[in-house]
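K.L.:
This is the content of coords36.cif (mmCIF, C-alpha atoms and all ligand atoms):
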```cif
data_input
#
loop_
_atom_site.label_atom_id
_atom_site.label_comp_id
_atom_site.auth_asym_id
_atom_site.auth_seq_id
_atom_site.Cartn_x
_atom_site.Cartn_y
_atom_site.Cartn_z
CA MET A 1 0.00 0.00 0.00
CA LYS A 2 1.35 3.43 -0.86
CA GLU A 3 -0.32 5.27 2.01
CA ARG A 4 0.61 3.75 5.34
CA VAL A 5 -2.32 3.62 7.76
CA PHE A 6 -0.54 3.76 11.05
CA HIS A 7 -3.60 4.25 13.21
CA CYS A 8 -6.92 3.13 11.75
CA ILE A 9 -9.44 5.47 13.36
CA ASN A 10 -12.09 6.55 10.85
CA VAL A 11 -13.12 6.04 7.23
CA GLU A 12 -12.12 9.55 6.22
CA GLN A 13 -8.56 8.15 6.17
CA PHE A 14 -9.30 5.83 3.24
CA ASP A 15 -9.33 6.85 -0.41
CA TYR A 16 -10.28 4.87 -3.49
CA ALA A 17 -6.70 3.74 -4.20
CA PHE A 18 -6.36 2.42 -0.65
CA LEU A 19 -9.64 0.50 -0.96
CA GLU A 20 -8.51 -1.11 -4.19
CA GLU A 21 -5.15 -2.08 -2.71
CA ILE A 22 -6.48 -3.53 0.53
CA CYS A 23 -9.19 -5.54 -1.27
CA ASP A 24 -6.62 -6.92 -3.75
CA LEU A 25 -4.35 -7.84 -0.86
CA ALA A 26 -7.22 -9.54 1.00
CA ASP A 27 -7.98 -11.61 -2.12
CA LYS A 28 -4.34 -12.70 -2.33
CA ILE A 29 -4.18 -13.54 1.38
CA ARG A 30 -7.31 -15.65 0.90
CA GLU A 31 -5.56 -17.56 -1.91
CA ILE A 32 -2.31 -17.97 0.04
CA SER A 33 -4.16 -19.27 3.10
CA ARG A 34 -5.70 -22.16 1.15
CA THR A 35 -2.58 -24.30 1.63
CA LYS A 36 -0.62 -25.41 4.70
CA ALA A 37 2.55 -23.90 3.22
CA GLY A 38 0.72 -20.62 2.65
CA MET A 39 -0.64 -20.57 6.19
CA GLU A 40 2.83 -21.27 7.55
CA TYR A 41 4.26 -18.46 5.45
CA LEU A 42 1.60 -15.99 6.68
CA ALA A 43 2.16 -17.08 10.29
CA SER A 44 5.86 -16.30 9.93
CA THR A 45 5.34 -12.71 8.76
CA LEU A 46 4.60 -11.05 12.12
CA ASN A 47 5.38 -13.73 14.70
CA HIS A 48 7.57 -11.30 16.62
CA LYS A 49 4.57 -9.01 17.36
CA ARG A 50 1.97 -8.92 20.14
CA ALA A 51 -1.50 -7.38 20.09
CA MET A 52 -3.90 -6.26 22.81
CA LEU A 53 -7.60 -6.61 22.08
CA TYR A 54 -9.28 -4.10 24.38
CA PHE A 55 -13.00 -4.67 23.82
CA VAL A 56 -15.06 -3.04 26.56
CA GLN A 57 -18.27 -3.26 24.50
CA PRO A 58 -19.76 -6.63 23.50
CA SER A 59 -18.58 -8.21 20.24
CA THR A 60 -18.53 -11.60 18.57
CA ARG A 61 -17.44 -11.05 14.96
CA THR A 62 -15.10 -8.10 15.25
CA PHE A 63 -13.29 -9.56 18.24
CA LEU A 64 -12.96 -13.05 16.79
CA SER A 65 -12.04 -11.92 13.29
CA PHE A 66 -9.28 -9.67 14.64
CA TYR A 67 -8.17 -12.51 16.90
CA SER A 68 -8.11 -14.89 13.92
CA ALA A 69 -6.41 -12.30 11.71
CA CYS A 70 -3.65 -11.87 14.29
CA GLN A 71 -3.28 -15.64 14.57
CA MET A 72 -2.98 -15.96 10.80
CA LEU A 73 -0.08 -13.50 10.84
CA GLY A 74 1.57 -15.18 13.84
CA ILE A 75 0.78 -12.27 16.19
CA LYS A 76 0.28 -13.28 19.82
CA CYS A 77 -2.88 -11.82 21.40
CA ALA A 78 -4.02 -10.80 24.86
CA GLU A 79 -7.41 -9.38 25.73
CA VAL A 80 -9.30 -7.20 28.17
CA ARG A 81 -13.05 -7.45 27.61
CA ASP A 82 -14.32 -6.59 31.04
CA PRO A 83 -12.80 -3.46 32.66
CA LYS A 84 -13.76 -4.88 36.06
CA THR A 85 -10.87 -7.34 35.63
CA SER A 86 -8.32 -4.53 35.07
CA SER A 87 -7.06 -1.84 37.43
CA GLU A 88 -9.77 0.48 36.11
CA ILE A 89 -11.77 -0.97 39.02
CA LYS A 90 -9.20 0.67 41.34
CA GLY A 91 -9.82 4.04 39.74
CA GLU A 92 -7.20 4.01 36.99
CA SER A 93 -8.30 6.10 34.02
CA GLU A 94 -8.99 4.40 30.69
CA GLU A 95 -6.27 6.56 29.17
CA ASP A 96 -3.67 5.25 31.64
CA THR A 97 -4.93 1.71 31.10
CA VAL A 98 -4.41 1.91 27.34
CA ARG A 99 -1.07 3.67 27.72
CA THR A 100 0.01 0.70 29.86
CA PHE A 101 -0.95 -1.66 27.00
CA SER A 102 1.32 0.29 24.67
CA LEU A 103 4.31 -0.63 26.87
CA TYR A 104 3.70 -4.37 26.47
CA PHE A 105 2.12 -4.68 23.01
CA ASP A 106 2.90 -3.66 19.42
CA LEU A 107 -0.73 -3.09 18.38
CA ILE A 108 -3.90 -2.04 20.22
CA ILE A 109 -7.26 -3.00 18.76
CA MET A 110 -10.11 -1.39 20.67
CA ARG A 111 -13.87 -1.27 20.84
CA HIS A 112 -15.26 1.39 23.12
CA PRO A 113 -18.64 3.03 23.81
CA ARG A 114 -17.22 6.57 23.55
CA ALA A 115 -17.32 8.08 20.05
CA ASN A 116 -13.87 9.63 19.88
CA PHE A 117 -11.99 7.46 22.33
CA ALA A 118 -9.80 5.61 19.79
CA GLU A 119 -8.84 8.92 18.19
CA LYS A 120 -8.02 10.40 21.57
CA ILE A 121 -5.84 7.39 22.45
CA ALA A 122 -4.01 7.52 19.11
CA TYR A 123 -3.28 11.22 19.72
CA LEU A 124 -2.18 10.53 23.29
CA LEU A 125 0.13 7.65 22.27
CA ASN A 126 1.66 9.74 19.49
CA LYS A 127 2.93 12.11 22.16
CA THR A 128 4.57 9.31 24.18
CA ASP A 129 7.98 7.81 23.46
CA HIS A 130 6.30 4.45 22.73
CA PRO A 131 3.49 5.00 20.22
CA VAL A 132 1.94 1.83 18.80
CA PRO A 133 -0.75 1.56 16.12
CA VAL A 134 -4.36 1.81 17.29
CA ILE A 135 -7.21 0.20 15.35
CA ASN A 136 -10.74 1.40 16.03
CA ALA A 137 -12.93 -1.73 16.17
CA GLY A 138 -16.11 0.27 16.80
CA SER A 139 -16.48 3.56 18.65
CA GLY A 140 -19.80 4.58 20.18
CA LYS A 141 -22.56 5.45 17.74
CA ASP A 142 -20.03 7.07 15.46
CA GLN A 143 -17.65 4.87 13.47
CA HIS A 144 -16.80 1.26 12.66
CA PRO A 145 -14.12 1.68 9.99
CA THR A 146 -13.03 -1.95 9.64
CA GLN A 147 -16.66 -3.06 9.24
CA ALA A 148 -16.91 -0.55 6.38
CA LEU A 149 -13.78 -2.06 4.83
CA LEU A 150 -15.23 -5.57 4.95
CA ASP A 151 -18.52 -4.27 3.57
CA ILE A 152 -16.73 -2.64 0.62
CA TYR A 153 -14.79 -5.88 0.12
CA THR A 154 -18.06 -7.84 0.09
CA LEU A 155 -19.66 -5.40 -2.38
CA ARG A 156 -16.60 -5.58 -4.60
CA ARG A 157 -16.59 -9.39 -4.65
CA SER A 158 -20.35 -9.52 -5.19
CA PHE A 159 -20.27 -7.11 -8.13
CA MET A 160 -16.96 -8.16 -9.69
CA HIS A 161 -18.78 -9.28 -12.85
CA ARG A 162 -21.07 -6.24 -12.86
CA GLY A 163 -18.49 -3.46 -13.15
CA GLY A 164 -17.58 -3.31 -9.45
CA VAL A 165 -19.08 -1.13 -6.74
CA ALA A 166 -19.47 2.06 -8.79
CA GLN A 167 -22.89 3.09 -10.13
CA LYS A 168 -24.77 0.84 -7.71
CA LYS A 169 -27.88 1.61 -5.70
CA ILE A 170 -27.57 0.69 -2.04
CA ALA A 171 -30.31 0.84 0.59
CA PHE A 172 -29.67 1.09 4.32
CA VAL A 173 -32.56 -0.11 6.46
CA GLY A 174 -33.35 0.04 10.17
CA ASP A 175 -31.87 2.07 13.01
CA LEU A 176 -29.68 4.34 10.91
CA ARG A 177 -29.32 7.19 13.40
CA ARG A 178 -27.42 5.06 15.94
CA GLY A 179 -25.86 2.54 13.56
CA ARG A 180 -22.10 3.12 13.32
CA THR A 181 -21.73 0.53 10.54
CA VAL A 182 -24.17 2.46 8.36
CA ARG A 183 -22.54 5.79 9.12
CA SER A 184 -19.06 4.49 8.22
CA LEU A 185 -20.13 2.65 5.06
CA ALA A 186 -22.26 5.53 3.76
CA LYS A 187 -19.24 7.82 4.02
CA LEU A 188 -16.92 5.32 2.36
CA LEU A 189 -19.28 4.78 -0.57
CA THR A 190 -18.72 8.39 -1.61
CA GLN A 191 -15.35 7.15 -2.95
CA PHE A 192 -17.21 5.44 -5.82
CA GLU A 193 -18.69 7.08 -8.93
CA GLU A 194 -22.41 7.64 -9.46
CA MET A 195 -23.71 5.83 -6.39
CA LYS A 196 -27.22 6.28 -5.10
CA LEU A 197 -27.88 5.62 -1.42
CA TYR A 198 -31.33 5.07 0.08
CA PHE A 199 -31.98 5.54 3.79
CA VAL A 200 -35.07 3.55 4.79
CA ALA A 201 -36.17 4.13 8.37
CA PRO A 202 -38.90 5.66 10.51
CA ALA A 203 -38.29 9.35 11.27
CA GLU A 204 -37.10 8.52 14.81
CA TYR A 205 -34.22 6.42 13.48
CA GLN A 206 -33.36 8.21 10.24
CA ILE A 207 -29.77 8.88 9.23
CA GLY A 208 -28.06 11.87 10.87
CA GLU A 209 -27.79 15.32 9.32
CA ASP A 210 -23.99 15.07 9.45
CA ILE A 211 -24.02 12.07 7.07
CA ILE A 212 -26.39 13.87 4.70
CA ALA A 213 -24.09 16.90 4.72
CA PHE A 214 -21.12 14.60 3.98
CA LEU A 215 -22.95 13.04 1.00
CA GLU A 216 -23.89 16.44 -0.38
CA GLN A 217 -20.35 17.72 0.04
CA ASN A 218 -19.10 14.66 -1.87
CA LYS A 219 -21.86 14.87 -4.51
CA THR A 220 -23.35 11.45 -3.76
CA GLU A 221 -27.03 11.07 -4.60
CA TYR A 222 -29.38 9.90 -1.83
CA GLU A 223 -33.04 9.39 -1.00
CA ILE A 224 -34.69 9.40 2.41
CA THR A 225 -37.82 7.29 2.77
CA ASP A 226 -39.78 5.01 5.09
CA ASP A 227 -41.13 2.87 2.23
CA PHE A 228 -39.21 -0.41 2.45
CA GLU A 229 -41.37 -2.30 -0.08
CA LYS A 230 -40.85 0.36 -2.76
CA VAL A 231 -37.07 0.37 -2.36
CA VAL A 232 -36.38 -3.42 -2.39
CA PRO A 233 -36.83 -3.88 -6.19
CA GLU A 234 -34.89 -0.69 -7.04
CA VAL A 235 -31.55 -1.45 -5.40
CA ASP A 236 -28.48 -3.63 -6.03
CA ALA A 237 -27.70 -4.14 -2.34
CA ILE A 238 -29.87 -3.88 0.72
CA TYR A 239 -28.06 -3.37 4.02
CA MET A 240 -30.27 -4.40 6.94
CA THR A 241 -29.53 -3.34 10.52
CA ARG A 242 -30.96 -4.10 13.94
CA LEU A 243 -32.48 -1.71 16.46
CA GLN A 244 -29.55 -0.34 18.49
CA ASP A 245 -31.53 -0.24 21.73
CA GLU A 246 -28.45 -0.48 23.95
CA TRP A 247 -28.42 3.33 23.60
CA ASP A 248 -32.04 3.78 24.79
CA GLN A 249 -31.16 4.32 28.43
CA GLU A 250 -28.68 7.14 27.86
CA GLU A 251 -31.15 8.71 25.39
CA GLY A 252 -33.90 8.76 28.03
CA GLY A 253 -36.01 5.74 27.02
CA HIS A 254 -37.39 3.58 24.27
CA VAL A 255 -39.26 4.93 21.23
CA ASP A 256 -42.12 2.57 20.42
CA ILE A 257 -42.28 2.01 16.66
CA ASP A 258 -43.24 -0.92 14.42
CA ILE A 259 -39.75 -2.15 13.47
CA GLU A 260 -41.27 -5.20 11.71
CA ARG A 261 -42.08 -2.88 8.81
CA TYR A 262 -38.31 -2.71 8.25
CA SER A 263 -37.59 -6.44 8.14
CA PHE A 264 -36.64 -8.63 5.17
CA GLN A 265 -39.03 -11.57 4.90
CA ARG A 266 -39.15 -14.56 2.57
CA ARG A 267 -41.62 -12.77 0.28
CA HIS A 268 -39.14 -9.91 -0.30
CA LEU A 269 -36.83 -12.32 -2.17
CA ASP A 270 -39.32 -12.21 -5.06
CA LEU A 271 -39.03 -8.41 -5.18
CA LEU A 272 -35.20 -8.24 -5.04
CA LYS A 273 -33.23 -8.11 -8.32
CA PRO A 274 -31.91 -11.54 -9.42
CA ASP A 275 -28.33 -10.25 -8.95
CA GLY A 276 -29.06 -8.06 -5.92
CA ILE A 277 -27.56 -8.88 -2.52
CA ILE A 278 -28.73 -8.71 1.10
CA MET A 279 -26.17 -7.56 3.65
CA HIS A 280 -26.18 -7.19 7.43
CA PRO A 281 -23.27 -6.37 9.75
CA LEU A 282 -24.81 -8.79 12.30
CA PRO A 283 -25.87 -9.57 14.96
CA ARG A 284 -29.46 -9.78 13.74
CA ARG A 285 -32.70 -10.23 15.56
CA THR A 286 -35.86 -10.43 13.46
CA GLU A 287 -34.90 -7.97 10.70
CA ILE A 288 -33.92 -10.82 8.35
CA ALA A 289 -35.97 -14.03 8.49
CA ALA A 290 -33.77 -17.14 8.91
CA GLU A 291 -35.43 -18.69 5.85
CA VAL A 292 -33.70 -16.02 3.71
CA ASP A 293 -30.25 -17.40 4.68
CA GLY A 294 -30.26 -20.15 2.04
CA ASP A 295 -30.80 -17.77 -0.88
CA PRO A 296 -27.56 -17.15 -2.83
CA ARG A 297 -28.22 -13.40 -2.62
CA ALA A 298 -27.90 -13.50 1.19
CA ALA A 299 -24.38 -12.11 1.61
CA TYR A 300 -24.23 -11.62 5.38
CA TRP A 301 -22.42 -14.86 6.25
CA ARG A 302 -19.93 -14.10 3.47
CA GLN A 303 -19.42 -10.68 5.11
CA VAL A 304 -18.37 -12.44 8.33
CA ARG A 305 -15.69 -14.46 6.52
CA ASN A 306 -14.55 -11.46 4.45
CA GLY A 307 -14.01 -9.55 7.69
CA MET A 308 -11.19 -11.87 8.67
CA TYR A 309 -9.30 -11.53 5.37
CA ILE A 310 -9.64 -7.75 5.17
CA ARG A 311 -8.38 -7.45 8.76
CA VAL A 312 -5.37 -9.64 7.96
CA ALA A 313 -4.68 -7.29 5.04
CA LEU A 314 -5.09 -4.20 7.21
CA ILE A 315 -2.72 -5.44 9.91
CA ALA A 316 -0.18 -6.62 7.32
CA GLY A 317 -0.31 -3.13 5.78
CA ILE A 318 0.08 -1.37 9.13
CA PHE A 319 3.27 -3.37 9.76
CA GLN A 320 4.40 -2.93 6.13
CA ARG A 321 4.30 -6.62 5.26
CA ASP A 322 1.94 -6.10 2.30
CA ARG A 323 4.72 -5.99 -0.30
CA LYS A 324 6.34 -9.18 1.05
CA ILE A 325 2.99 -10.99 0.92
CA LEU A 326 2.45 -9.87 -2.68
CA GLU A 327 5.95 -11.12 -3.58
CA TYR A 328 5.15 -14.50 -1.99
CA TYR A 329 1.92 -14.63 -3.94
CA LEU A 330 3.69 -13.96 -7.26
CA SER A 331 6.67 -16.21 -6.61
CA ASN A 332 4.38 -19.13 -5.85
CA ASN A 333 2.39 -18.65 -9.08
CA LEU A 334 -0.85 -18.24 -7.19
N1 LIG B 1 -20.53 -6.44 12.98
C1 LIG B 1 -20.07 -6.40 14.24
O1 LIG B 1 -19.44 -5.42 14.65
O2 LIG B 1 -20.37 -7.50 14.99
P1 LIG B 1 -19.93 -7.72 16.51
O3 LIG B 1 -20.65 -6.66 17.32
O4 LIG B 1 -20.35 -9.12 16.84
O5 LIG B 1 -18.45 -7.52 16.58
#
```
Please render this file's structure as structure tokens.
P.N.:
Amino acid sequence: MKERVFHCINVEQFDYAFLEEICDLADKIREISRTKAGMEYLASTLNHKRAMLYFVQPSTRTFLSFYSACQMLGIKCAEVRDPKTSSEIKGESEEDTVRTFSLYFDLIIMRHPRANFAEKIAYLLNKTDHPVPVINAGSGKDQHPTQALLDIYTLRRSFMHRGGVAQKKIAFVGDLRRGRTVRSLAKLLTQFEEMKLYFVAPAEYQIGEDIIAFLEQNKTEYEITDDFEKVVPEVDAIYMTRLQDEWDQEEGGHVDIDIERYSFQRRHLDLLKPDGIIMHPLPRRTEIAAEVDGDPRAAYWRQVRNGMYIRVALIAGIFQRDRKILEYYLSNNL
């Protein structure tokens, strides 16, 4: 990769060239990892490094895919998932806690409920004599940059025989106001030509004004609607999301709306384009019926797998092993 992403904090860091490079690298890593020799090669590339996974918000996929990505590159991992098990319980600040990690580990991957915490830590570590890369694995209601990378990777693979991601129509459905995956992906899609984004939600959960301003600034077409049935046949990809009700308490309570109107049921498969895809960052509740899973257009389990490869590529790039991996790929005629 030409541009080194030292800290990975938000999607504004990524341009089109970076997206192309990291997706190409992820494809090659996927090929290399198909053989024992390839896996052994990958595991030798960063086996002198250690990573801390500091996840103080719940996670299944992001935690495990980063864990697996580190394992694939030979990186040894440690984790803090419950701050009650660290000295934060004795009153140590989160900033001091993470600074302590930087003295033992070469990489900090963090999920945190505060919107700008990863950015703040990256800034703080830059001022120390031992800065290490920070990867934002989900920050508050704001950003989830590596989810957006895996979503772009999934779109790219899904549309590789249809001219790629550009000129596609993509609908976001559900709790868009508090969905950090939607916010990050909507911003990143402005890197592609002639996109049209649809935001399908009740007024209470519609996409934020800041994202709309970003789209307008970047000349990306969009439509705001609450008509799910109308949008399904129009789009190339439909990105479902769950109600993010873990934020209800801090927002002063639950808003009672009929979220079932924004769910993808078996009957919607007949409305979706034959080459359209259904995405979801997961976890899901009822917003996609389980009987949809078997349809080839259901891309959400592929997203999960893609997340591991794109995170291997990201970490390899951060530690400048991308060129070596490409050389291995070429020299082994893969
Ligand atoms: N998509 C995603 O972030 O899933 P987890 O919350 O399980 O990590």
K.L.:
Distance atom CA of A:Asn10-atom CA of A:Glu234, one decimal place?
P.N.:
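Going from atom CA of A:Asn10 over to atom CA of A:Glu234, I get 29.9 Å.
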K.L.:
Between A:Glu287, A:Asp151, A:Glu21, A:Glu119, single out the one closest to ligand LIG 1 (chain B), counting all atoms listed in the file.
P.N.:
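Closest to ligand LIG 1 (chain B) of all the choices is A:Asp151.
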K.L.:
Separation of atom CA of A:Lys76 and atom CA of A:Gly91, in Å?
P.N.:
28.3 Å
K.L.:
List all protein, DNA and RNA residues that have an atom no more than 7 Å from any atom of ligand LIG 1 (chain B), counting only C-alpha atoms and all ligand atoms, and report them as a ChimeraX atom specification.
P.N.:
/A:58-63,138,147,281-283
K.L.:
Selected residues, C-alpha atoms, written as a PDB file, in the coordinates of the input, please.
P.N.:
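Output contents, as saved in out.pdb:
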```pdb
ATOM      1  CA  PRO A  58     -19.760  -6.630  23.500  1.00  0.00           C
ATOM      2  CA  SER A  59     -18.580  -8.210  20.240  1.00  0.00           C
ATOM      3  CA  THR A  60     -18.530 -11.600  18.570  1.00  0.00           C
ATOM      4  CA  ARG A  61     -17.440 -11.050  14.960  1.00  0.00           C
ATOM      5  CA  THR A  62     -15.100  -8.100  15.250  1.00  0.00           C
ATOM      6  CA  PHE A  63     -13.290  -9.560  18.240  1.00  0.00           C
ATOM      7  CA  GLY A 138     -16.110   0.270  16.800  1.00  0.00           C
ATOM      8  CA  GLN A 147     -16.660  -3.060   9.240  1.00  0.00           C
ATOM      9  CA  PRO A 281     -23.270  -6.370   9.750  1.00  0.00           C
ATOM     10  CA  LEU A 282     -24.810  -8.790  12.300  1.00  0.00           C
ATOM     11  CA  PRO A 283     -25.870  -9.570  14.960  1.00  0.00           C
TER      12      PRO A 283
END
```
K.L.:
Leaving out A:Thr286 and any residue of its chain fewer than 2 positions from it, which residues lie within 10 Å of it when counting all atoms listed in the file, given as a VMD selection string?
P.N.:
chain A and resid 241 to 243 259 to 260 262 to 265 284 288 to 290
K.L.:
Identify which of the residues A:Thr154, A:Thr85, A:Thr35, A:Thr100 lies closest to A:Arg302, counting only C-alpha atoms when measuring atom-to-atom distances.
P.N.:
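Smallest separation from A:Arg302 among the options: A:Thr154.
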K.L.:
Determine the nearest neighbour of A:Glu246 from the options A:His161, A:Arg34, A:Arg178, A:His144, counting all atoms listed in the file.
P.N.:
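Counting all atoms listed in the file, the residue closest to A:Glu246 is A:Arg178.
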K.L.:
Nearest to A:Asp270: which of A:Val232, A:Ala299, A:Leu149, A:Leu197 is it, counting all atoms listed in the file?
P.N.:
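Once distances to A:Asp270 are computed over all atoms listed in the file, the minimum belongs to A:Val232.
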K.L.:
So, with only C-alpha atoms as the atoms that count, which of A:Ile152, A:Arg261, A:Ile207, A:Ile278 lies closest to A:Phe192?
P.N.:
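Looking at the shortest contact to A:Phe192, the residue is A:Ile152.
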K.L.:
Counting all atoms listed in the file, which residue out of A:Ser158, A:Ser102, A:Ser65, A:Asn47 sits closest to A:Val132?
P.N.:
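Among the listed residues, the smallest separation from A:Val132 belongs to A:Ser102.
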K.L.:
Please list as a list in words every residue within 9 Å of A:Cys77, counting only C-alpha atoms and excluding residues in the same chain fewer than 2 positions away.
P.N.:
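Here the answer would be Lys49, Arg50, Ala51, Met52, Leu53, Tyr67, Cys70, Gln71, Ile75, Glu79 and Phe105 of chain A.
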K.L.:
Any idea what's packed within 10 Å of stretch 323-332 of chain A, counting all atoms listed in the file, ignoring anything in its chain fewer than 5 positions away? Could you give it as a list in words?
P.N.:
Met1, Asp24, Leu25, Lys28, Ile29, Glu31, Ile32, Gly38, Tyr41, Leu42, Thr45, Ala313, Ala316 and Gly317 of chain A
